[in-house]
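Participant: Okay, handing you the structure first.
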Amino acid sequence: MEGSKEKIILNIGGVRYETYSSTLRTFPGTKLCSLTEPHAPSIYDYDPTTKEFFFDRNAEIFSYVLNYYRTKHFHCPIDTCRSVLEEELAFWEINETQLASCCWLKLNNKEVQPEEFNVWDENEQTDDQCLIIQTERRDFSWRTRWQPKIWSTFEKPFSSFSAKCLAFVSLLFIVGIVIIFCEETKAQFEFFTANFTSVGYSEVSQNNHEPYYHQAAYLLHLELFCVLWFTFEFSVRFCFCPNKKLFFQNPLNVVDFLSLFPVYIELFVAGQIQRMPSLGLWLGFVRIVYLLKLLKISKLIETPLILRVLCYTLKSILREICILLMILAFETLFFGSLFFYGELLGSHPSYTGELHLTDILVCFWWALITLTTVGYGDIIPLTTAGQVTAALAAVFGMLTIIIPIPIFLVKFKSYYDIAIFKQKLKRIKKH
């Protein structure tokens, strides 16, 4: 049995199988591979007359086991009991993690399409890993040597001790700029409530504004200090990013880029803000992107599995979500129009002021709030036609929201089963 072309005969539960010894050597350390060793006839039940090894095992499952040695892809029959399959695999010393994904899903009664399994497999690789892989494919130069290290330091908080320290410092700056943003909004609110009347901006002595401007300047300098750090961090990450296109496809990087502008714009138009206080409000509105930087905290902790599954589920049903929004938009226009003309034709014109039906856009607002079952109560139907329209809108709104829920749950359960299987494979391979 030394030659690669020498054949071995196996008798499995009365069914004879014949294969090459080289085929059984495909997976060293397994029981079938040990049959190719010289001392195998003395260990196992070997018949020198027929020159075959006998094993009183399941012949049907063994045919799939032997095919696994031939093709390196392990599949199993659909109607196989899982416990029986695990017992047979344990006897042949084959890890159950080698089972193909399609058969694993069928074996566990998981109605998941193979393409969904592959999509999760592709998405499981993070963006930063993809970028580093692309770097390794390039020429080995000085920049290529340092690029993965610097990129990992700024992008992967747990890659090294320096990366952890850098992430902690960045987190402090993020928290600091959020606190500064809250203080700026508080100061702006107090200033505008004190200096704006129902007519408009009140002409008050410039001396009354000096405390506000001093506080605003102090907060602006603190904000500038934080933004300078963010500018340095973003510049380094952008310069050492192997793929600029993938870099800007990450929403967090887009938020980092947009958060650099508000303070620089305010420094550029600082003289006009005193003449046009409303410009400061618009700049304050743009500063909302500072709050989005808090999402970077998710990099410092491991994203929960159920949250990742939820994200992939939403991506997979994006088409269904768009259709749902189109239906909701149609219902809003339809019931809003019915409500508008039903109230006008069925009531006295003097009621229009009480109902706030100044135009049809107000009715579209009412229809959207009713369809989503919120119902603020700011607009109510007073006529029979309006009440019937409101009842129909509420019913159709509930149906529109309830019907897509099973689709979402089925998709979510499919991705969750795949994710659990992937984690199980990782744990078994580690051990």
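Starting from 1 in every chain, residues are counted up; chains themselves are A, B, ... following the order of the structure tokens, and ligands are numbered from 1 as listed.
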Show me, as a ChimeraX atom specification, the residues that have an atom within 12 Å of Val395 in chain A when counting only C-alpha atoms, minus same-chain residues fewer than 3 positions from it.

Facilitator: /A:331,335,367,370-373,388-392,398-402

Participant: Can you tell me, as a list in words, what residues are no more than 12 Å from Leu409 in chain A when counting only C-alpha atoms, ignoring any on the same chain fewer than 5 positions away?

Facilitator: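 Skipping anything fewer than 5 positions along the chain leaves Val309, Leu310, Thr313, Leu314, Ser316, Ile317, Ile402, Ile403, Pro404, Ser414, Tyr415 and Tyr416 of chain A.
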
Participant: Could the residues in this selection be saved with all heavy atoms as a CSV table (one decimal), in the first residue's frame?

Facilitator:
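As a result, out08.csv now contains:
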```csv
chain,number,residue,atom,x,y,z
A,309,VAL,N,-26.2,41.8,12.5
A,309,VAL,CA,-27.2,41.1,11.8
A,309,VAL,C,-28.3,42.1,11.3
A,309,VAL,O,-28.8,42.0,10.2
A,309,VAL,CB,-27.8,39.9,12.6
A,309,VAL,CG1,-29.0,39.3,11.9
A,309,VAL,CG2,-26.7,38.9,12.9
A,310,LEU,N,-28.7,43.0,12.2
A,310,LEU,CA,-29.7,43.9,11.9
A,310,LEU,C,-29.3,44.8,10.7
A,310,LEU,O,-30.1,45.1,9.8
A,310,LEU,CB,-30.0,44.8,13.1
A,310,LEU,CG,-31.1,45.9,13.0
A,310,LEU,CD1,-32.5,45.2,12.6
A,310,LEU,CD2,-31.3,46.7,14.2
A,313,THR,N,-29.5,42.8,7.6
A,313,THR,CA,-30.9,42.6,7.2
A,313,THR,C,-31.5,43.8,6.5
A,313,THR,O,-32.2,43.7,5.5
A,313,THR,CB,-31.7,42.2,8.5
A,313,THR,OG1,-31.1,41.1,9.1
A,313,THR,CG2,-33.1,41.9,8.1
A,314,LEU,N,-31.2,45.0,7.0
A,314,LEU,CA,-31.8,46.2,6.4
A,314,LEU,C,-31.2,46.4,5.0
A,314,LEU,O,-31.9,46.8,4.1
A,314,LEU,CB,-31.4,47.4,7.3
A,314,LEU,CG,-32.1,47.5,8.7
A,314,LEU,CD1,-31.6,48.6,9.5
A,314,LEU,CD2,-33.6,47.5,8.5
A,316,SER,N,-30.4,44.0,3.0
A,316,SER,CA,-30.9,42.9,2.1
A,316,SER,C,-32.4,43.3,1.7
A,316,SER,O,-32.8,42.8,0.7
A,316,SER,CB,-30.9,41.6,2.8
A,316,SER,OG,-31.7,41.5,3.9
A,317,ILE,N,-33.1,44.0,2.5
A,317,ILE,CA,-34.5,44.3,2.2
A,317,ILE,C,-34.6,45.8,1.8
A,317,ILE,O,-35.7,46.4,2.0
A,317,ILE,CB,-35.4,44.0,3.4
A,317,ILE,CG1,-35.1,44.8,4.6
A,317,ILE,CG2,-35.4,42.5,3.7
A,317,ILE,CD1,-36.1,44.7,5.8
A,402,ILE,N,-47.8,46.7,9.2
A,402,ILE,CA,-47.8,45.3,9.7
A,402,ILE,C,-47.3,44.3,8.7
A,402,ILE,O,-46.6,43.4,9.0
A,402,ILE,CB,-49.2,44.9,10.3
A,402,ILE,CG1,-49.4,45.8,11.6
A,402,ILE,CG2,-49.2,43.5,10.6
A,402,ILE,CD1,-50.8,45.6,12.1
A,403,ILE,N,-47.8,44.4,7.4
A,403,ILE,CA,-47.6,43.4,6.4
A,403,ILE,C,-46.1,43.2,6.2
A,403,ILE,O,-45.7,42.0,6.0
A,403,ILE,CB,-48.3,43.8,5.1
A,403,ILE,CG1,-49.8,43.6,5.3
A,403,ILE,CG2,-47.9,42.9,3.9
A,403,ILE,CD1,-50.7,44.0,4.1
A,404,PRO,N,-45.3,44.2,6.1
A,404,PRO,CA,-43.8,43.9,5.8
A,404,PRO,C,-43.1,43.3,7.0
A,404,PRO,O,-41.9,42.9,6.8
A,404,PRO,CB,-43.3,45.3,5.5
A,404,PRO,CG,-44.4,46.2,5.2
A,404,PRO,CD,-45.5,45.7,6.0
A,414,SER,N,-32.8,34.4,9.1
A,414,SER,CA,-31.9,33.8,8.2
A,414,SER,C,-30.5,34.3,8.4
A,414,SER,O,-29.5,33.5,8.6
A,414,SER,CB,-32.3,34.0,6.7
A,414,SER,OG,-33.6,33.6,6.4
A,415,TYR,N,-30.3,35.6,8.5
A,415,TYR,CA,-28.9,36.1,8.7
A,415,TYR,C,-28.4,35.8,10.1
A,415,TYR,O,-27.2,35.5,10.3
A,415,TYR,CB,-28.9,37.6,8.5
A,415,TYR,CG,-28.8,38.0,7.0
A,415,TYR,CD1,-29.9,38.6,6.4
A,415,TYR,CD2,-27.6,37.8,6.3
A,415,TYR,CE1,-29.8,38.9,5.0
A,415,TYR,CE2,-27.5,38.2,5.0
A,415,TYR,CZ,-28.6,38.7,4.4
A,415,TYR,OH,-28.5,39.1,3.0
A,416,TYR,N,-29.3,35.7,11.1
A,416,TYR,CA,-28.9,35.4,12.4
A,416,TYR,C,-28.4,33.9,12.5
A,416,TYR,O,-27.4,33.6,13.2
A,416,TYR,CB,-30.1,35.6,13.4
A,416,TYR,CG,-29.7,35.5,14.8
A,416,TYR,CD1,-29.0,36.5,15.5
A,416,TYR,CD2,-30.1,34.3,15.6
A,416,TYR,CE1,-28.6,36.3,16.8
A,416,TYR,CE2,-29.7,34.2,16.9
A,416,TYR,CZ,-29.0,35.2,17.5
A,416,TYR,OH,-28.6,35.1,18.8
```

Participant: Tell me, in Å to one decimal, how far CA of Arg287 in chain A is from CA of Leu166 in chain A.

Facilitator: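 The value is 23.8 Å.
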
Participant: Point out the residue among A:Cys322, A:Leu66, A:Ile379, A:Val255 with the least atom-to-atom distance to Leu294 in chain A, counting only C-alpha atoms.

Facilitator: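 Ranked by minimum distance to Leu294 in chain A, first place goes to A:Val255.
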
Participant: Nearest residue to His221 in chain A out of A:Phe234, A:Phe257, A:Tyr264, A:Phe55, using only C-alpha atoms?

Facilitator: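 Among the listed residues, the smallest separation from His221 in chain A belongs to A:Tyr264.
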
Participant: Would you pick out the contacts of Tyr17 in chain A at 10 Å or less, using only C-alpha atoms, so that residues sharing its chain but fewer than 4 positions from it are not included, and give the list as a PyMOL selection string?

Facilitator: chain A and resi 8-12+52-53+59+62-63+66

Participant: Keeping C-alpha atoms, export the residues of the selection given above as a PDB file, in the first residue's frame.

Facilitator:
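What follows is the written file out_6.pdb:
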```
ATOM      1  CA  ILE A   8      -7.806  -0.064  -1.070  1.00  0.00           C
ATOM      2  CA  ILE A   9     -11.069  -1.974  -0.702  1.00  0.00           C
ATOM      3  CA  LEU A  10     -13.482  -0.988   2.078  1.00  0.00           C
ATOM      4  CA  ASN A  11     -16.497  -2.998   3.175  1.00  0.00           C
ATOM      5  CA  ILE A  12     -18.895  -0.615   4.927  1.00  0.00           C
ATOM      6  CA  GLU A  52     -10.656  -5.491   2.331  1.00  0.00           C
ATOM      7  CA  PHE A  53     -11.246  -3.569   5.560  1.00  0.00           C
ATOM      8  CA  ALA A  59     -22.930   2.878   4.167  1.00  0.00           C
ATOM      9  CA  PHE A  62     -19.875   6.807   4.152  1.00  0.00           C
ATOM     10  CA  SER A  63     -20.409   7.374   0.443  1.00  0.00           C
ATOM     11  CA  LEU A  66     -15.507   9.126   0.687  1.00  0.00           C
TER      12      LEU A  66
END
```

Participant: Any idea what the distance is between CA of Val289 in chain A and CA of Leu258 in chain A?

Facilitator: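 CA of Leu258 in chain A lies 7.1 Å from CA of Val289 in chain A.
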
Participant: Quick one: residues within 12 Å of Leu172 in chain A, only C-alpha atoms, excluding same-chain residues fewer than 4 positions away - as a list in words?

Facilitator: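 Once the nearby chain positions are removed, what remains is Cys165, Leu166, Ala167, Phe168, Gly176, Ile177, Val178, Ile179, Cys226, Trp229, Phe230, Lys293, Leu294, Lys296 and Ile297 of chain A.
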
Participant: Using the chain letters and numbers from this document, which residues of range 263-409 of chain A does DSSP assign to alpha helix (DSSP H), as JSON, numbers by chain?

Facilitator: {"A": [263, 264, 265, 266, 267, 268, 270, 271, 272, 273, 274, 275, 277, 278, 279, 280, 281, 282, 283, 284, 285, 286, 289, 290, 291, 292, 305, 306, 307, 308, 309, 310, 311, 312, 313, 314, 315, 316, 318, 319, 320, 321, 322, 323, 324, 325, 326, 327, 328, 329, 330, 331, 332, 333, 334, 335, 336, 337, 338, 339, 340, 341, 342, 343, 344, 345, 346, 351, 352, 353, 354, 355, 360, 361, 362, 363, 364, 365, 366, 367, 368, 369, 370, 371, 384, 385, 386, 387, 388, 389, 390, 391, 392, 393, 394, 395, 396, 397, 398, 399, 400, 401, 402, 404, 405, 406, 407, 408, 409]}

Participant: Restricting it to C-alpha atoms, dump the selection as a compact mmCIF listing (two decimals), in the first residue's frame.

Facilitator:
```
# COMPACT_ATOMS: atom_id res chain seq x y z
CA VAL A 263 -15.30 76.19 12.95
CA TYR A 264 -13.21 77.21 9.93
CA ILE A 265 -16.24 78.82 8.30
CA GLU A 266 -17.01 80.72 11.50
CA LEU A 267 -13.44 82.02 11.67
CA PHE A 268 -13.70 83.15 8.05
CA ALA A 270 -16.47 86.10 12.17
CA GLY A 271 -17.04 89.78 11.37
CA GLN A 272 -20.36 89.15 9.64
CA ILE A 273 -21.84 87.17 12.53
CA GLN A 274 -22.11 90.29 14.71
CA ARG A 275 -24.03 92.07 11.94
CA PRO A 277 -26.74 86.95 14.22
CA SER A 278 -28.90 84.47 12.30
CA LEU A 279 -25.75 83.31 10.51
CA GLY A 280 -24.49 82.02 13.85
CA LEU A 281 -27.63 79.93 14.18
CA TRP A 282 -27.02 78.29 10.81
CA LEU A 283 -23.45 77.52 11.76
CA GLY A 284 -24.75 76.05 15.00
CA PHE A 285 -27.11 73.88 12.98
CA VAL A 286 -24.20 72.59 10.87
CA VAL A 289 -22.30 66.67 12.78
CA TYR A 290 -20.25 66.78 16.00
CA LEU A 291 -22.86 64.57 17.61
CA LEU A 292 -22.46 62.02 14.82
CA LEU A 305 -23.78 40.23 16.83
CA ILE A 306 -27.48 41.06 16.79
CA LEU A 307 -26.69 44.66 15.76
CA ARG A 308 -24.51 43.52 12.87
CA VAL A 309 -27.22 41.11 11.77
CA LEU A 310 -29.74 43.94 11.90
CA CYS A 311 -27.57 46.08 9.60
CA TYR A 312 -27.19 43.30 7.03
CA THR A 313 -30.90 42.58 7.20
CA LEU A 314 -31.77 46.20 6.43
CA LYS A 315 -29.37 46.12 3.47
CA SER A 316 -30.93 42.95 2.11
CA LEU A 318 -33.59 47.79 0.93
CA ARG A 319 -35.71 47.20 -2.18
CA GLU A 320 -38.74 46.24 -0.07
CA ILE A 321 -38.24 49.32 2.11
CA CYS A 322 -38.26 51.57 -0.97
CA ILE A 323 -41.49 49.96 -2.18
CA LEU A 324 -43.03 50.45 1.26
CA LEU A 325 -42.08 54.14 1.25
CA MET A 326 -43.61 54.54 -2.21
CA ILE A 327 -46.86 52.98 -0.99
CA LEU A 328 -46.83 55.21 2.08
CA ALA A 329 -46.26 58.29 -0.10
CA PHE A 330 -49.19 57.33 -2.33
CA GLU A 331 -51.46 56.78 0.67
CA THR A 332 -50.39 60.14 2.11
CA LEU A 333 -51.31 61.98 -1.09
CA PHE A 334 -54.54 60.02 -1.57
CA PHE A 335 -55.98 60.26 1.95
CA GLY A 336 -54.70 63.82 2.36
CA SER A 337 -56.60 64.90 -0.74
CA LEU A 338 -59.75 63.03 0.34
CA PHE A 339 -59.61 64.63 3.77
CA PHE A 340 -59.08 68.12 2.38
CA TYR A 341 -62.02 68.08 -0.04
CA GLY A 342 -64.21 65.99 2.29
CA GLU A 343 -63.87 68.61 5.05
CA LEU A 344 -64.35 71.56 2.71
CA LEU A 345 -67.38 70.14 0.90
CA GLY A 346 -69.06 68.71 3.99
CA TYR A 351 -64.71 75.77 9.96
CA THR A 352 -61.59 75.97 7.82
CA GLY A 353 -59.89 78.33 10.25
CA GLU A 354 -60.59 76.04 13.19
CA LEU A 355 -59.33 73.00 11.30
CA ILE A 360 -53.67 70.78 1.04
CA LEU A 361 -50.11 70.43 2.38
CA VAL A 362 -51.49 70.61 5.92
CA CYS A 363 -53.77 67.68 5.04
CA PHE A 364 -50.81 65.72 3.72
CA TRP A 365 -49.16 66.24 7.11
CA TRP A 366 -52.33 65.01 8.82
CA ALA A 367 -52.49 61.96 6.52
CA LEU A 368 -48.88 60.97 7.23
CA ILE A 369 -49.35 61.28 11.00
CA THR A 370 -52.56 59.26 10.83
CA LEU A 371 -51.12 56.54 8.59
CA THR A 384 -68.75 62.60 8.39
CA ALA A 385 -66.69 62.35 5.21
CA GLY A 386 -63.57 63.43 7.10
CA GLN A 387 -64.15 60.92 9.88
CA VAL A 388 -64.64 58.07 7.39
CA THR A 389 -61.46 59.13 5.60
CA ALA A 390 -59.60 59.24 8.93
CA ALA A 391 -60.79 55.73 9.84
CA LEU A 392 -59.74 54.31 6.48
CA ALA A 393 -56.38 56.07 6.71
CA ALA A 394 -55.75 54.56 10.16
CA VAL A 395 -56.67 51.04 9.00
CA PHE A 396 -54.59 51.21 5.81
CA GLY A 397 -51.71 52.71 7.77
CA MET A 398 -51.65 49.77 10.19
CA LEU A 399 -51.79 47.28 7.31
CA THR A 400 -48.97 49.05 5.51
CA ILE A 401 -46.78 48.81 8.60
CA ILE A 402 -47.77 45.31 9.74
CA PRO A 404 -43.83 43.94 5.79
CA ILE A 405 -42.90 42.83 9.33
CA PRO A 406 -42.90 39.06 8.50
CA ILE A 407 -40.58 39.72 5.55
CA PHE A 408 -38.17 41.49 7.86
CA LEU A 409 -38.37 38.76 10.50
```

Participant: Using only C-alpha atoms, find the one residue out of A:Ala100, A:Leu295, A:Leu85, A:Ile420 that sits nearest to Ile174 in chain A.

Facilitator: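 The answer is A:Leu295, which sits nearest to Ile174 in chain A.
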